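Notes follow the structure.
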Protein chains: 2
Amino acid sequence: MNQIRHLPPGVKDFLFEEARRRRQVERLLTGLLEQRGYQEIITPTFEYGEVFLAASREEELKNGLPEKMYRFLDRNGQFLALRSDFTAQIARIAATRLQGMEPPIHIYYSGKVFRAEAQHAGKSREKWQVGFEILGDGGFEADTRAICTILDAFAALSLRQVRIAIGHIGFFDGVLNGSVKLASEARRDIKYLIERKDVEGLRLLCEQLDLPSGLTRALMQIPALHGDASILQRARQITAQPSAIAAIEHLEKLWQNIAEHPGADSVFIDLSEVEGMGYYTGIMIKAFAAGIGQEVGSGGRYDDLVARFGRAMPAVGFSFDVDLLVEASRNASQSGGAS
Amino acid sequence: MNQIRHLPPGVKDFLFEEARRRRQVERLLTGLLEQRGYQEIITPTFEYGEVFLAASREEELKNGLPEKMYRFLDRNGQFLALRSDFTAQIARIAATRLQGMEPPIHIYYSGKVFRAEAQHAGKSREKWQVGFEILGDGGFEADTRAICTILDAFAALSLRQVRIAIGHIGFFDGVLNGSVKLASEARRDIKYLIERKDVEGLRLLCEQLDLPSGLTRALMQIPALHGDASILQRARQITAQPSAIAAIEHLEKLWQNIAEHPGADSVFIDLSEVEGMGYYTGIMIKAFAAGIGQEVGSGGRYDDLVARFGRAMPAVGFSFDVDLLVEASRNASQSGGAS
């Protein structure tokens with residue numbers, strides 16, 4: 001009688017007003033996306049676990065991502081998994097059922113993702129995401145459009161105390177790969193320390209890994225590379241690697257392109273943003289809201305993912321965390337809505 | 001590479017127009033329910049499996065319902081299950097978080113339920129349901145209101161070729177329990193044959209079970225007990241059991257009460273409707289649409305279920321199958337929408 005009156009850790013019931021707020025956020029986001037020409041796809045809540053594993057990278061597989069997947073056996077003894085990532089499912093669909101559609105294809109979705117987060121982290125194990133993907137456009141325009149869609153979405157939500165960080169994994173990869181070939185664990189650890197701005201930890205790790213001193217100096221500067229476009233000038237001074245320079249130029253152009261868009265003042269460049277889904281190949285985007293300790297949204301460019309399902313297709317996407325946005329709206333209204 | 005391009009049996013992707021139609025059905029149903037004063041509850045996609053087992057009856061447990069539950073272990077080694085039934089979750093919430101709310105409480109929900117149906121049955125393993133519950137009202141009025149809400153919902157969907165069957169488990173239970181104490185398997189088999197109107201099979205089974213001839217004759221008449229209110233007169237002639245008579249009188253009164261409600265001509269009485277969720281204690285409702293081989297909705301009264309979670313509370317509810325309603329709408333529009 002006791003167990004059946006309680007919920008397991010990491011999941012919740014949302015009653016009445018709590019449900020209404022979530023539906024309101026969902027409706028504002030999906031309404032905006034419809035208006036901008038995105039069309040909905042509804043994917044299954046579970047499917048073959050291989051789909052989600054295919055979207056993981058070696059370092060994530062080692063990082064315990066598969067342990068965060070909820071897995072179970074089908075009646076036929078096949079290994080199924082709860083949806084841990086919408087983008088993996090949409091990549092599968094893009095490679096199969098969207099064959100023959102004229103790109104770019106604009107898609108959105110709304111639903112839950114499931115990850116068995118450690119209990120002490122206090123994270124939800126069921127997260128409601130609304131997100132979009134732009135498929136079949138590898139160009140600069142699609143990145144611009146994605147960022148403008150995100151800005152418009154936050155405007156639709158009337159959330160003003162939001163900050164959008166834009167990084168580019170090509171910068172970090174360029175700095176690193178030009179000099180040395182690292183094991184995936186070392187790469188993962190370096191990323192971890194950069195994101196946490198732990199410059200001293202980074203120095204120690206580089207020492208342990210016996211990295212060249214030039215590379216160590218470059219890596220130690222990355223945690224400070226966030227701010228307005230002027231930091232891109234500083235970034236140019238720490239590397240001459242062509243792919244890192246290409247990433248910087250991409251961000252410079254993007255910065256100019258979105259400058260006039262409403263809400264652009266909430267955007268900043270963050271080259272220290274290096275963690276994210278392992279399949280990102282270009283820009284990486286994270287959204288933060290006042291008083292919320294986790295990202296309220298994240299996304300990026302993934303030009304190699306769809307190919308893992310059998311068809312080459314560049315893409316960029318972003319997802320919003322509905323529960324955290326409800327929390328952010330509540331904070332904003334409690335603080336009088338001042339921005 | 002092959003497995004990751006395919007979906008497991010029983011689940012589907014819904015793209016663009018297919019998604020749009022489903023959202024439209026969802027919006028029409030939830031809009032109507034909001035208008036009628038129902039408020040939304042969002043429940044977790046998985047929770048302790050015991051919640052769903054508690055809502056099962058001995059005969060269902062033997063009938064393989066637990067095998068249809070998707071079960072898996074949490075990080076902590078606890079047994080979790082995907083939502084197989086919204087009503088079980090809402091009964092849990094009613095017994096816990098809704099303490100102290102003034103009844104009747106009007107609730108609705110929208111989401112997926114998951115059942116590992118046999119593959120050959122061609123049934124979906126993931127079903128999208130929109131449903132409502134009226135909690136805390138054991139009276140006649142709540143049954144009336146539930147049926148009127150269902151009629152209004154089908155009107156909102158502009159689905160005209162719909163038939164609503166109303167039965168009462170108290171009639172069957174009365175006929176049976178007055179005479180004899182049966183094992184739950186025998187009860188289940190008798191129900192199965194009645195629903196399939198297999199009168200000859202029923203005769204053979206009653207013989208095998210060595211039932212009294214009066215009871216056998218009564219049971220063999222049940223499959224024909226469907227139609228307008230006149231069949232309730234015939235039903236009176238086959239039993240004198242007080243609880244069966246009470247069920248008949250309840251249906252007579254209900255029939256009169258809804259007679260003037262728009263859409264009432266789609267309602268019929270069906271005392272041969274005896275199968276349903278094991279927790280039903282009173283009226284049982286099923287909705288059928290032209291050309292659809294399964295019920296497009298079902299529900300009933302469950303006055304004992306909430307008590308299993310620690311608090312006595314009568315209730316009645318109904319759920320609509322969104323995917324089948326989309327199919328029914330398509331059939332209706334293809335046949336020119338004639339009713």
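Chain labels follow the order of the structure tokens: the first chain is A, the next B, and so on; residue numbering restarts at 1 in every chain, and ligands are counted from 1 in their shown order.
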DSSP on the backbone, alpha helix (DSSP H) only: what residues of segment 243-275 of chain A does that give? Format it as a PyMOL selection string.
chain A and resi 243-258
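Using only C-alpha atoms, one finds that the residues of chain A close to chain B, at 7 Å or less, are Met1, Ile4, Arg5, Leu7, Pro8, Val11, Lys12, Asp13, Phe14, Leu15, Phe16, Ala19, Gln39, Glu40, Ile41, Ile42, Thr43, Pro44, Glu47, Tyr48, Glu50, Val51, Arg71, Phe72, Arg75, Arg92, Thr96, Ala116 and Phe309 of chain A.
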Would you please work out which residue, of B:Gly136, B:Gly167, B:Pro103, B:Pro223, is nearest to Ile285 of chain B when using only C-alpha atoms?
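Nearest to Ile285 of chain B: B:Gly167.
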Using DSSP assignments from the backbone, pull out every residue in segment 92-335 of chain B that falls under strand (DSSP E) and give it to me as a ChimeraX atom specification.
/B:105-114,126-135,162-168,226-227,267-270,283-289,297-301,315-321
Just N, CA and C atoms for this one: save the residues we selected as a compact mmCIF listing (two decimals), in the first residue's frame.
# COMPACT_ATOMS: atom_id res chain seq x y z
N ILE B 105 -14.78 16.27 -8.55
CA ILE B 105 -13.58 16.79 -9.19
C ILE B 105 -13.60 16.33 -10.66
N HIS B 106 -13.49 17.29 -11.56
CA HIS B 106 -13.53 16.97 -12.99
C HIS B 106 -12.12 17.07 -13.57
N ILE B 107 -11.63 15.95 -14.12
CA ILE B 107 -10.24 15.86 -14.58
C ILE B 107 -10.19 15.41 -16.03
N TYR B 108 -9.21 15.91 -16.78
CA TYR B 108 -8.95 15.27 -18.08
C TYR B 108 -7.46 15.08 -18.27
N TYR B 109 -7.12 14.26 -19.26
CA TYR B 109 -5.71 13.96 -19.55
C TYR B 109 -5.55 13.72 -21.04
N SER B 110 -4.33 13.83 -21.52
CA SER B 110 -4.01 13.51 -22.91
C SER B 110 -2.61 12.94 -22.94
N GLY B 111 -2.45 11.74 -23.46
CA GLY B 111 -1.13 11.12 -23.52
C GLY B 111 -1.20 9.70 -24.01
N LYS B 112 -0.05 9.03 -23.94
CA LYS B 112 0.04 7.68 -24.49
C LYS B 112 -0.12 6.62 -23.40
N VAL B 113 -0.75 5.50 -23.74
CA VAL B 113 -0.68 4.30 -22.91
C VAL B 113 0.01 3.21 -23.74
N PHE B 114 0.65 2.29 -23.02
CA PHE B 114 1.53 1.32 -23.66
C PHE B 114 1.13 -0.09 -23.23
N GLU B 126 1.31 1.39 -28.63
CA GLU B 126 1.33 2.75 -28.07
C GLU B 126 0.05 3.43 -28.53
N LYS B 127 -0.84 3.75 -27.60
CA LYS B 127 -2.12 4.34 -27.98
C LYS B 127 -2.25 5.73 -27.37
N TRP B 128 -2.65 6.68 -28.15
CA TRP B 128 -2.85 8.04 -27.67
C TRP B 128 -4.28 8.17 -27.17
N GLN B 129 -4.44 8.46 -25.88
CA GLN B 129 -5.77 8.62 -25.31
C GLN B 129 -5.97 10.04 -24.80
N VAL B 130 -7.17 10.56 -25.05
CA VAL B 130 -7.65 11.74 -24.32
C VAL B 130 -8.84 11.24 -23.51
N GLY B 131 -8.88 11.54 -22.23
CA GLY B 131 -9.97 11.01 -21.42
C GLY B 131 -10.33 11.94 -20.28
N PHE B 132 -11.44 11.61 -19.61
CA PHE B 132 -11.85 12.42 -18.46
C PHE B 132 -12.31 11.52 -17.33
N GLU B 133 -12.32 12.06 -16.13
CA GLU B 133 -12.81 11.35 -14.95
C GLU B 133 -13.64 12.34 -14.12
N ILE B 134 -14.73 11.83 -13.55
CA ILE B 134 -15.50 12.61 -12.57
C ILE B 134 -15.36 11.89 -11.24
N LEU B 135 -14.65 12.51 -10.31
CA LEU B 135 -14.29 11.85 -9.05
C LEU B 135 -15.12 12.40 -7.89
N VAL B 162 -21.45 7.35 -35.23
CA VAL B 162 -20.93 6.79 -33.99
C VAL B 162 -22.07 6.15 -33.22
N ARG B 163 -21.79 5.04 -32.53
CA ARG B 163 -22.79 4.37 -31.69
C ARG B 163 -22.19 4.22 -30.30
N ILE B 164 -22.97 4.58 -29.30
CA ILE B 164 -22.51 4.49 -27.92
C ILE B 164 -23.28 3.38 -27.21
N ALA B 165 -22.59 2.34 -26.79
CA ALA B 165 -23.22 1.23 -26.07
C ALA B 165 -23.06 1.45 -24.57
N ILE B 166 -24.19 1.31 -23.85
CA ILE B 166 -24.12 1.44 -22.39
C ILE B 166 -24.61 0.15 -21.75
N GLY B 167 -23.72 -0.45 -20.97
CA GLY B 167 -24.09 -1.65 -20.22
C GLY B 167 -23.96 -1.37 -18.73
N HIS B 168 -24.07 -2.42 -17.94
CA HIS B 168 -23.95 -2.27 -16.49
C HIS B 168 -23.47 -3.60 -15.94
N HIS B 226 -29.50 -6.28 -26.34
CA HIS B 226 -28.99 -4.98 -26.76
C HIS B 226 -30.00 -4.33 -27.69
N GLY B 227 -30.14 -3.04 -27.55
CA GLY B 227 -31.12 -2.31 -28.36
C GLY B 227 -31.60 -1.08 -27.60
N VAL B 267 -27.15 6.46 -28.88
CA VAL B 267 -26.94 5.61 -27.69
C VAL B 267 -27.83 4.38 -27.76
N PHE B 268 -27.30 3.23 -27.39
CA PHE B 268 -28.14 2.05 -27.19
C PHE B 268 -27.72 1.32 -25.92
N ILE B 269 -28.65 0.52 -25.40
CA ILE B 269 -28.36 -0.26 -24.20
C ILE B 269 -27.76 -1.59 -24.64
N ASP B 270 -26.74 -2.04 -23.94
CA ASP B 270 -26.13 -3.33 -24.29
C ASP B 270 -25.74 -4.08 -23.01
N ILE B 283 -21.99 1.33 -14.58
CA ILE B 283 -22.17 1.42 -16.03
C ILE B 283 -20.84 1.20 -16.73
N MET B 284 -20.94 0.63 -17.94
CA MET B 284 -19.77 0.46 -18.80
C MET B 284 -20.16 1.02 -20.16
N ILE B 285 -19.26 1.81 -20.73
CA ILE B 285 -19.59 2.54 -21.96
C ILE B 285 -18.56 2.20 -23.03
N LYS B 286 -19.04 1.91 -24.24
CA LYS B 286 -18.11 1.73 -25.36
C LYS B 286 -18.61 2.52 -26.54
N ALA B 287 -17.69 3.12 -27.29
CA ALA B 287 -18.07 3.89 -28.47
C ALA B 287 -17.52 3.21 -29.71
N PHE B 288 -18.35 3.12 -30.75
CA PHE B 288 -17.96 2.49 -32.00
C PHE B 288 -18.15 3.48 -33.15
N ALA B 289 -17.27 3.42 -34.13
CA ALA B 289 -17.41 4.30 -35.30
C ALA B 289 -17.44 3.44 -36.56
N GLY B 297 -13.54 4.42 -28.15
CA GLY B 297 -13.51 4.97 -26.80
C GLY B 297 -14.16 4.00 -25.85
N SER B 298 -13.79 4.07 -24.57
CA SER B 298 -14.44 3.20 -23.59
C SER B 298 -14.26 3.77 -22.19
N GLY B 299 -15.17 3.35 -21.31
CA GLY B 299 -15.10 3.85 -19.95
C GLY B 299 -16.12 3.17 -19.07
N GLY B 300 -16.34 3.76 -17.90
CA GLY B 300 -17.31 3.18 -16.98
C GLY B 300 -17.14 3.72 -15.57
N ARG B 301 -17.99 3.20 -14.69
CA ARG B 301 -17.94 3.61 -13.30
C ARG B 301 -17.04 2.67 -12.52
N ALA B 315 -16.24 7.03 -8.65
CA ALA B 315 -15.77 7.75 -9.83
C ALA B 315 -16.33 7.12 -11.11
N VAL B 316 -16.36 7.94 -12.14
CA VAL B 316 -16.75 7.46 -13.47
C VAL B 316 -15.87 8.18 -14.49
N GLY B 317 -15.49 7.47 -15.56
CA GLY B 317 -14.61 8.10 -16.54
C GLY B 317 -14.72 7.45 -17.91
N PHE B 318 -14.02 8.05 -18.87
CA PHE B 318 -14.09 7.58 -20.25
C PHE B 318 -12.84 8.05 -20.98
N SER B 319 -12.33 7.23 -21.91
CA SER B 319 -11.19 7.70 -22.71
C SER B 319 -11.44 7.49 -24.20
N PHE B 320 -10.96 8.43 -24.98
CA PHE B 320 -11.07 8.41 -26.43
C PHE B 320 -9.74 7.96 -27.03
N ASP B 321 -9.79 7.16 -28.10
CA ASP B 321 -8.58 6.71 -28.79
C ASP B 321 -8.31 7.66 -29.96
Just the residues within 10 Å of Met277 of chain A, please, counting only C-alpha atoms, with nothing from its chain fewer than 2 positions along; format it as an MDAnalysis selection string.
chainID A and resid 55:57 60 85 87 274:275 279:281 284 298:300 302
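In this model, the gap between atom CA of Val296 of chain B and atom CA of Ser272 of chain B comes to 18.2 Å.
Across the model, the gap from atom CA of Pro104 of chain B to atom CA of Asp137 of chain B is 5.4 Å.
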Quick one: distance from atom CA of Leu215 of chain B to atom CA of Arg234 of chain B in Å, one decimal?
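About the pair atom CA of Leu215 of chain B and atom CA of Arg234 of chain B: they are 15.6 Å apart.
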